[in-house]
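First comes the structure, then the notes that go with it.
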2 protein chains.
Amino acid sequence: MNIQLYDTTLRDGAQREGISFSVADKVKIARKLDELGIHFIEGGWPGSNPKDTEFFHRMQSVSLSNSTLVAFGSTRRALTQAEDDLNLRDLLEAKTKVVTLVGKGSAEQVVKILKTSLDENLAMIADSTRYLKSEGKTVFFDAEHFFDGYEADTQYALDTIKAAAQAGADCVVLCDTNGGTMPSEIGEIVKVAMKSGVPLGIHTHNDMELAVANTLAAVQAGATQVQGTINGYGERCGNANLCSIIPALKLKNGIDCVSLEQLTKLTEVSRYVSEIANLPPDSHLPYVGASAFGHKAGMHISAMVKAEESYQHIDPSLVGNSRRLLVSELSGLSTIVYKAKEYGLDFASRTAQAKEVLKQIKNLESQGFKYDNAEASFELLLRRAQPEYHPPFELVDFMVVVERHRRLPTTSSEVTLSEAMVKVRVGEDIYHTAAEGNGPVNALDEALRKALLQFYPDLAVVKLIDYKVRILEESEGTEARVRVLIESSDGEQEWHTVGSSTNIIEASWIALADSMEYWLQRKATTVYRDQSSGIRRKNG
Amino acid sequence: MNIQLYDTTLRDGAQREGISFSVADKVKIARKLDELGIHFIEGGWPGSNPKDTEFFHRMQSVSLSNSTLVAFGSTRRALTQAEDDLNLRDLLEAKTKVVTLVGKGSAEQVVKILKTSLDENLAMIADSTRYLKSEGKTVFFDAEHFFDGYEADTQYALDTIKAAAQAGADCVVLCDTNGGTMPSEIGEIVKVAMKSGVPLGIHTHNDMELAVANTLAAVQAGATQVQGTINGYGERCGNANLCSIIPALKLKNGIDCVSLEQLTKLTEVSRYVSEIANLPPDSHLPYVGASAFGHKAGMHISAMVKAEESYQHIDPSLVGNSRRLLVSELSGLSTIVYKAKEYGLDFASRTAQAKEVLKQIKNLESQGFKYDNAEASFELLLRRAQPEYHPPFELVDFMVVVERHRRLPTTSSEVTLSEAMVKVRVGEDIYHTAAEGNGPVNALDEALRKALLQFYPDLAVVKLIDYKVRILEESEGTEARVRVLIESSDGEQEWHTVGSSTNIIEASWIALADSMEYWLQRKATTVYRDQSSGIRRKNG
C-alpha cells in the first residue's frame with residue numbers, strides 16, 4: 001500500500017494562535033520536512049499575503065530531494081472565467097508542480113456561505129481543476145466541509161468529488177473541517193466515496209482529540225493521501241499530527257510511507273519546528289515528546305529493568321527519541337569523554353577533570369543553561385577546563401542604558417536611546433569603549449564588537465544570524481529566568497551559543513561573548529594546526 | 001445505555017511529571033469531580049505513601065453528592081493468604097465502598113515481572129476479589145497489560161477475566177497499559193471479552209494519541225466503565241482524557257453519562273484541576289481549551305458570522321466554554337464593530353472612527369504588535385479612539401541601567417545591577433521615582449508600580465502572572481524586533497497586553513503600561529456603572 005504524506009504546517013499549521021513564520025523560517029522548515037521524506041509540502045496561499053508570494057519565489061532556487069512543493073488556493077470565484085481569475089493566476093505564478101484547490105464539499109456551505117447555486121459550485125470546481133490541469137499541474141482538490149456535507153446532503157457531497165474527478169483531479173481530499181466527525185463515520189463515508197474511483201486523501205482537525213484516529217480510519221477505508229502538520233499545529237485544537245500518524249502507519253500498520261532511517265529523524269523534526277515556531281516543545285507528545293518514554297513511578301522503573309516493553313509500546317530509538325529514567329541522574333561522563341574526543345581534547349585520561357566539568361554542567365543547567373542547541377558553548381566549557389587553555393579575551397565590565405525622554409507637552413516626539421559601555425582585556429591591554437544600538441542587546445553587541453576589532457580585525461566576518469529568547473518558568477512574570485540562544489556565522493560555518501540569567505541583558509552578554517570567543521579560539525587552533533603542517537592560510 | 005465514569009486523576013494522573021498533589025489539593029479536586037457528576041473517584045493507593053492514607057482518612061468526613069470514592073491497590077502477594085495481606089488490609093482501612101484491585105492480565109508479565117506461576121496469578125486475582133467481596137466491598141479488577149497479553153496468549157488473558165468474574169468482581173477493567181493498541185484491535189478484543197458476561201471497563205493511555213479513540217471503540221464494543229483523567233494528565237503521554245470523552249459520549253453518542261447541566265461545568269473543572277496541579281492550562285485542548293473555539297483566519301470570521309457551525313462542531317456553551325474571535329491581521333472592519341459592541345462601545349454609527357482604528361491596527365501590526373493574544377491592549381486601542389476617553393495616567397520618561405562591575409583581579413565577585421527610573425503624570429501631578437530589580441524589565445515593573453500606587457493604592461492587587469518574549473524576524477540578529485506579551489491578574493480575572501519594538505525594554509514598557517491602564521480604566525468604568533445604578537462598591 002502506498003501512502004502519500006502531505007504536510008500543511010506552513011499553511012494550516014501557521015493558523016495556530018501565536019505562530020507567525022517568516023519567509024526564512026518557512027524555507028528552513030521545508031528543508032527539514034524534505035529530510036524527513038514528506039512527499040508533499042504545502043507552502044502557503046500565494047497572493048493571499050506578500051510573505052507567501054515571496055516564499056514561493058524563494059523556493060524556486062531551493063532544491064528538495066524527497067518532497068514536492070505545493071501551492072494552495074481556492075477555486076475560481078462564482079460566475080467568472082477560470083482563465084481570468086486572479087487567485088488562479090497567483091497559483092500559477094507560484095511555479096509549483098502541484099496545486100491544491102480548496103472548494104466547498106457541502107451543499108449547505110454553498111448556499112449559506114458562498115451564496116451561489118449548487119450547480120455553479122460544481123462548475124467552479126470543474127473549471128478550476130480543468131484549467132490548472134491544462135497548464136500542466138498536478139491538481140489535488142480539498143473538499144472543505146465534506147463530512148458535514150455528506151451527512152446533510154449525501155448526493156451533493158459525492159457530486160463535488162465527481163466534478164473534481166471528471167475534470168482530472170489527481171486526488172480528492174475529504175476534509176473534516178470543524179473536526180466533529182467520529183472515526184466510525186469517517187471510515188464508512190470514505191468507503192462510499194472510494195466508489196468514485198479517484199484517489200482519496202484525508203484532512204482532519206483535532207476538535208474531539210480524534211484527528212489521528214480519524215486519519216487512520218480513513219486510511220483503513222482506502223484513503224491514500226494523508227494531510228497533517230508537525231506537532232499537530234493548527235487553529236483551535238490543531239490539525240492531525242503527522243508526528244503521531246507517521247509512526248502509526250509505519251510501525252503499527254506496516255505501511256512504507258518513510259524509510260526506517262527517515263523515521264529516526266522524527267523527534268528532531270518535531271523539536272526543530274517547535275523551536276522555529278518559538279513554542280516550547282510539548283514534552284507529553286506521543287513518540288517525540290521528552291516525556292514520551294519517561295518513567296517516574298517506582299514500580300514501573302523496576303519493571304522497566306525487567307522488561308523494557310512493559311511500559312514502552314515501541315523502541316524509542318525508532319523515532320529518534322530515547323528512554324528517560326527519571327529517578328536517577330544518568331551518568332553523563334561517557335558523553336563528555338566522547339564529545340571531548342570529537343573536539344580533539346583528551347578527557348579519557350583525565351577522569352577527575354571530566355567529573356568536574358560534569359558537575360559544572362549540572363550546575364549551569366539548574367540555572368537555565370541548555371547545551372543541546374548550543375554546542376559551541378559546550379565545547380568552550382570543555383576547552384576552558386584544560387589547564388593549557390588561554391582565553392582570547394576577558395570581559396571586565398559592561399553597562400547598558402536605555403532611556404526614553406518625552407518633550408512635554410509635544411508628546412509625539414519620543415525617542416528611545418540605547419547605549420552600552422564595555423571594558424575588555426586582551427593580554428595586558430584593556431580597551432574601554434561604547435556604542436549605540438536600536439535596543440540594549442544590539443548596543444552591547446556593537447560595543448563588544450568595536451572593542452574586540454581593535455585586537456582581532458578578522459572578527460569583522462563574524463555575524464549574528466539568529467537571536468532567540470525563551471522565558472523559563474513563565475509563571476514568575478518579569479522576575480523569570482530567560483535563556484538566550486545565539487546563532488553566528490563567519491560565512492563558512494554556523495555555531496550556536498547560550499546564556500541564561502534572570503537578566504536578559506546578562507544572558508545575552510554571556511551568549512554573545514561565547515560566540516566571539518568560540519570563533520577566535522577555533523581560528524587560533526586552525527592557524528596553529530596549519531602552521532605545524534607547513535600550510536599557510538590566506539587570512540592567517 | 002449506562003456508562004460509569006471513573007476518574008483516576010488523583011492516582012494515575014498524579015504520575016505526570018511535575019504534578020505533586022497535597023492532601024488538601026486532592027480533597028478539593030474530589031469535590032469538584034463530584035460537582036461534574038463523575039461516578040467513581042479513585043483517590044489513591046492507601047498504604048503506598050502517607051499522603052494517600054491521610055487522604056482516605058480525611059475523606060471520611062467529606063460527603064459527596066454524585067461520586068463514590070474508590071481505593072486502589074494490588075492483588076495479594078504470591079503464595080500468601082489474602083486475609084494476611086498487608087496491602088489488602090490497607091485497602092479495607094481506607095473505608096471506601098468500592099475497591100479497585102490491580103493484577104496482571106498478561107501471561108508474559110506474570111512470568112517475567114511477578115516471577116510466579118500462571119496458576120498462582122489466577123489464584124491471587126480470585127482470592128483477593130473474593131476476600132474483599134466477603135468484606136462487603138464493590139470490587140473492580142484492573143487487568144493490567146491485558147491487550148498485550150491477549151495478543152501473546154489469548155486464552156490466558158481471558159482466564160484472568162474469568163478468575164475475577166467468578167470470584168464476584170463487579171467489573172473487569174481492560175488496561176492498555178503501554179498505550180500501544182490500535183482502536184480496531186481494542187474493539188475486536190473487547191467484543192471477545194464481552195462473552196465472559198462480566199461488565200467490562202476500559203483504561204487506556206495516550207502513547208499513540210489514540211487514548212480517546214480507544215476508549216470510544218471499547219464503549220462501542222460493549223464496555224460500560226470508562227477510566228480516565230481530567231485534561232488527560234498521566235505519565236508519559238498521559239491517560240485517556242475525560243474532558244474529551246465525556247462530551248463525545250454525551251453529545252456525539254447520546255449516552256446519558258452526565259446531565260446537560262453538569263456538562264456545562266466541564267471547562268471550569270479542567271481549568272480548576274490545572275490550576276491546582278500548577279500546570280499552565282493547555283489552550284489547545286478539545287472542548288475546554290481557551291483556543292478550542294477561537295477563530296483567527298479572516299475567511300473563517302466572515303464565514304462564522306454567516307454560519308456558526310461552519311467551524312464549530314458543537315455550541316461551546318454546552319461544555320461551559322465560549323467562542324472567541326481573534327483579532328488578527330486578516331480581519332477587517334466588521335470585526336472591529338463586533339468587538340467594540342462586546343466592550344459596550346458603539347462603532348457601528350462611527351464608521352470613520354472605526355476605519356481610523358483599523359488603519360492604526362494595521363500600522364501597529366506592521367510594527368510587530370499582534371492582538372489575537374492581547375485582547376486588553378486591543379480594547380484599550382478602541383477606548384482611546386473615543387473622544388470621551390481619559391487615560392488614568394500618562395507615562396513621561398523612563399531610564400533603565402544595567403551594569404556589571406568586576407573587581408580586578410578578584411574575578412569571582414561579579415554583581416549585575418538593574419535599576420529603573422520612571423516619571424508618570426496623573427492629572428496635573430508628576431511623580432518621579434526609581435526601583436531596582438533582578439533584571440531590567442523587572443526593575444521597570446517595580447518602578448512603574450511604585451509610582452502608580454501613589455495615586456491608585458488598589459492597584460496593589462494586580463500581579464503579573466506571565467511574561468513572554470518573541471523575537472520577530474530572527475535573521476536580523478540582535479537588531480530584530482521583539483514582541484512582549486504580558487498576562488496579568490487581579491485574583492479574579494486575567495487579561496493580556498502586548499508591546500513591540502526593536503528594544504525589548506520599550507516593548508516591555510508598553511505592555512506593562514497597557515496592563516495597568518486596562519485594569520484602572522475597567523475599574524473606573526465599573527465604579528461609574530455601579531454608582532449610576534445606585535450601588536456602592538466596598539472598594540470603590
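Please note that chains go A, B, ... in the order of the C-alpha cells, that every chain numbers its residues from 1, and that ligands are numbered from 1 in the order shown.
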
Taking the DSSP assignment computed from this structure's backbone, write out as a PyMOL selection string all residues of stretch 307-529 of chain B that belong to helix (DSSP H, G or I). chain B and resi 308-311+316-319+333-342+351-366+375-384+440-455+457-461+474-479+504-529

Could you work out which residues of chain A fall inside 6 Å of chain B? Count only C-alpha atoms, and format the result as a ChimeraX atom specification. /A:178,180,207-208,236-237,284-286,291-294,311-313,396-406,439,442,464-467,474-475,477-479,502-503

Any chance you could export the current selection's C-alpha atoms as a PDB file, in the first residue's frame?
ATOM      1  CA  ASN A 178     -14.650  21.510  12.055  1.00  0.00           C
ATOM      2  CA  GLY A 180     -16.656  16.922  14.546  1.00  0.00           C
ATOM      3  CA  ASP A 207     -11.523  19.276  17.953  1.00  0.00           C
ATOM      4  CA  MET A 208     -12.529  15.968  19.569  1.00  0.00           C
ATOM      5  CA  ARG A 236      -8.365  25.757  17.553  1.00  0.00           C
ATOM      6  CA  CYS A 237      -7.256  22.286  18.770  1.00  0.00           C
ATOM      7  CA  HIS A 284       3.987  14.871  26.501  1.00  0.00           C
ATOM      8  CA  LEU A 285       3.624  14.450  22.743  1.00  0.00           C
ATOM      9  CA  PRO A 286       3.379  10.795  21.687  1.00  0.00           C
ATOM     10  CA  SER A 291       8.393  12.508  28.423  1.00  0.00           C
ATOM     11  CA  ALA A 292       7.039  10.038  25.853  1.00  0.00           C
ATOM     12  CA  PHE A 293       9.389   7.364  27.153  1.00  0.00           C
ATOM     13  CA  GLY A 294       9.993   8.825  30.608  1.00  0.00           C
ATOM     14  CA  TYR A 311       5.720   0.389  29.622  1.00  0.00           C
ATOM     15  CA  GLN A 312       7.049   1.174  26.136  1.00  0.00           C
ATOM     16  CA  HIS A 313       4.964   0.254  23.141  1.00  0.00           C
ATOM     17  CA  VAL A 396      35.812  43.193  32.564  1.00  0.00           C
ATOM     18  CA  ASP A 397      32.726  45.426  32.895  1.00  0.00           C
ATOM     19  CA  PHE A 398      29.668  46.448  30.984  1.00  0.00           C
ATOM     20  CA  MET A 399      26.903  48.987  31.438  1.00  0.00           C
ATOM     21  CA  VAL A 400      23.751  49.406  29.385  1.00  0.00           C
ATOM     22  CA  VAL A 401      21.448  52.423  29.497  1.00  0.00           C
ATOM     23  CA  VAL A 402      18.010  52.604  27.908  1.00  0.00           C
ATOM     24  CA  GLU A 403      16.350  55.948  28.123  1.00  0.00           C
ATOM     25  CA  ARG A 404      13.177  57.498  26.800  1.00  0.00           C
ATOM     26  CA  HIS A 405      12.556  61.202  27.062  1.00  0.00           C
ATOM     27  CA  ARG A 406       9.423  62.963  26.080  1.00  0.00           C
ATOM     28  CA  GLY A 439      17.961  48.139  21.585  1.00  0.00           C
ATOM     29  CA  ASN A 442      22.178  45.377  19.959  1.00  0.00           C
ATOM     30  CA  LEU A 464      24.974  37.181  14.337  1.00  0.00           C
ATOM     31  CA  ILE A 465      22.362  35.467  12.226  1.00  0.00           C
ATOM     32  CA  ASP A 466      19.804  34.461  14.825  1.00  0.00           C
ATOM     33  CA  TYR A 467      18.871  35.597  18.311  1.00  0.00           C
ATOM     34  CA  GLU A 474       6.667  31.606  32.787  1.00  0.00           C
ATOM     35  CA  SER A 475       4.602  31.936  35.936  1.00  0.00           C
ATOM     36  CA  GLY A 477       6.343  37.137  35.467  1.00  0.00           C
ATOM     37  CA  THR A 478       9.095  39.707  34.945  1.00  0.00           C
ATOM     38  CA  GLU A 479      11.275  38.023  37.555  1.00  0.00           C
ATOM     39  CA  THR A 502      17.078  36.456  35.284  1.00  0.00           C
ATOM     40  CA  ASN A 503      18.528  39.455  33.467  1.00  0.00           C
TER      41      ASN A 503
END

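Here the question is which of B:Glu151, B:Asp7, B:Asp52, B:Asp346 gets nearest to B:Lys32 using only C-alpha atoms, and that residue is B:Asp7.
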
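In this structure, atom CA of A:Ala376 sits 24.5 Å away from atom CA of A:Thr264.
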
Assign secondary structure with DSSP using the backbone only, and return the residues of stretch 89-142 of chain A in strand (DSSP E or B) as a list in words. Val98, Val99, Thr100, Leu101, Val102, Gly103, Lys104, Thr138, Val139, Phe140, Phe141 and Asp142 of chain A

Please produce a file of those selected residues containing N, CA, C and O atoms, as a short mmCIF file (atom, residue, chain, number, x, y, z; two decimals), in the first residue's frame.
data_model
loop_
_atom_site.label_atom_id
_atom_site.label_comp_id
_atom_site.auth_asym_id
_atom_site.auth_seq_id
_atom_site.Cartn_x
_atom_site.Cartn_y
_atom_site.Cartn_z
N VAL A 98 2.70 21.04 -8.23
CA VAL A 98 1.41 20.61 -7.71
C VAL A 98 0.65 21.80 -7.14
O VAL A 98 1.24 22.69 -6.52
N VAL A 99 -0.66 21.80 -7.37
CA VAL A 99 -1.53 22.83 -6.80
C VAL A 99 -2.67 22.14 -6.05
O VAL A 99 -3.23 21.15 -6.54
N THR A 100 -2.98 22.63 -4.85
CA THR A 100 -4.16 22.14 -4.15
C THR A 100 -5.23 23.22 -4.19
O THR A 100 -5.00 24.36 -3.78
N LEU A 101 -6.38 22.84 -4.74
CA LEU A 101 -7.53 23.75 -4.84
C LEU A 101 -8.48 23.44 -3.71
O LEU A 101 -8.82 22.28 -3.48
N VAL A 102 -8.93 24.47 -2.99
CA VAL A 102 -9.93 24.21 -1.97
C VAL A 102 -11.28 24.73 -2.46
O VAL A 102 -11.37 25.79 -3.08
N GLY A 103 -12.32 23.92 -2.23
CA GLY A 103 -13.67 24.30 -2.62
C GLY A 103 -14.67 23.67 -1.67
O GLY A 103 -14.29 22.90 -0.79
N LYS A 104 -15.91 23.99 -1.84
CA LYS A 104 -16.93 23.53 -0.91
C LYS A 104 -17.39 22.11 -1.27
O LYS A 104 -17.77 21.83 -2.41
N THR A 138 -0.23 19.09 -11.51
CA THR A 138 -0.89 18.03 -10.76
C THR A 138 -1.87 18.75 -9.83
O THR A 138 -1.49 19.73 -9.19
N VAL A 139 -3.13 18.30 -9.78
CA VAL A 139 -4.14 19.03 -9.00
C VAL A 139 -4.76 18.14 -7.93
O VAL A 139 -5.25 17.04 -8.21
N PHE A 140 -4.69 18.62 -6.69
CA PHE A 140 -5.42 17.96 -5.59
C PHE A 140 -6.61 18.85 -5.26
O PHE A 140 -6.47 20.08 -5.21
N PHE A 141 -7.77 18.24 -5.03
CA PHE A 141 -8.94 19.04 -4.67
C PHE A 141 -9.31 18.80 -3.20
O PHE A 141 -9.63 17.68 -2.82
N ASP A 142 -9.25 19.85 -2.38
CA ASP A 142 -9.65 19.77 -0.97
C ASP A 142 -11.15 20.04 -0.88
O ASP A 142 -11.59 21.18 -1.08
#

Extract, using only C-alpha atoms, all DNA, RNA and protein residues at most 9 Å from stretch 348-352 of chain B, discarding same-chain residues fewer than 5 positions from it, and format them as JSON, numbers by chain. {"B": [333, 334, 337, 338, 340, 341, 357]}

Selection above as a file: N, CA and C atoms, as an mmCIF file, in the first residue's frame:
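Okay, this is what ended up in selection-v2.cif:
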data_model
loop_
_atom_site.group_PDB
_atom_site.id
_atom_site.type_symbol
_atom_site.label_atom_id
_atom_site.label_comp_id
_atom_site.auth_asym_id
_atom_site.auth_seq_id
_atom_site.Cartn_x
_atom_site.Cartn_y
_atom_site.Cartn_z
ATOM 1 N N LEU B 333 -13.141 45.479 9.163
ATOM 2 C CA LEU B 333 -13.996 46.442 9.828
ATOM 3 C C LEU B 333 -15.092 45.773 10.659
ATOM 4 N N SER B 334 -15.663 44.685 10.124
ATOM 5 C CA SER B 334 -16.787 44.053 10.818
ATOM 6 C C SER B 334 -16.336 43.502 12.172
ATOM 7 N N VAL B 337 -16.206 46.466 14.691
ATOM 8 C CA VAL B 337 -17.536 46.869 15.137
ATOM 9 C C VAL B 337 -18.091 45.816 16.098
ATOM 10 N N TYR B 338 -17.871 44.546 15.748
ATOM 11 C CA TYR B 338 -18.378 43.446 16.555
ATOM 12 C C TYR B 338 -17.729 43.440 17.940
ATOM 13 N N ALA B 340 -16.127 45.910 19.455
ATOM 14 C CA ALA B 340 -16.451 47.146 20.172
ATOM 15 C C ALA B 340 -17.784 46.984 20.898
ATOM 16 N N LYS B 341 -18.720 46.350 20.227
ATOM 17 C CA LYS B 341 -20.030 46.126 20.826
ATOM 18 C C LYS B 341 -19.893 45.283 22.101
ATOM 19 N N VAL B 357 -9.298 53.434 13.376
ATOM 20 C CA VAL B 357 -8.736 52.429 14.278
ATOM 21 C C VAL B 357 -8.145 51.273 13.482
#

Find the residues around A:Phe369 up to 8 Å (only C-alpha atoms counted), leave out those fewer than 5 positions away in its own chain, and share them as a short mmCIF file (atom, residue, chain, number, x, y, z; two decimals) with N, CA and C atoms, in the first residue's frame.
data_model
loop_
_atom_site.label_atom_id
_atom_site.label_comp_id
_atom_site.auth_asym_id
_atom_site.auth_seq_id
_atom_site.Cartn_x
_atom_site.Cartn_y
_atom_site.Cartn_z
N LEU A 364 25.12 24.56 35.88
CA LEU A 364 24.67 25.55 34.90
C LEU A 364 23.28 25.20 34.38
N ARG A 483 16.47 32.39 28.83
CA ARG A 483 17.58 31.73 28.14
C ARG A 483 17.71 32.38 26.77
N VAL A 498 24.85 29.85 24.11
CA VAL A 498 23.73 30.03 25.03
C VAL A 498 24.13 30.90 26.22
N GLY A 499 23.15 31.62 26.76
CA GLY A 499 23.33 32.35 28.01
C GLY A 499 22.05 32.28 28.79
N SER A 500 22.13 32.31 30.12
CA SER A 500 20.92 32.27 30.93
C SER A 500 21.11 33.14 32.16
#

Near-B:Thr53 list (9 Å; only C-alpha atoms; drop same-chain fewer than 5 positions) as a ChimeraX atom specification: /B:44-48,58,90,93-94
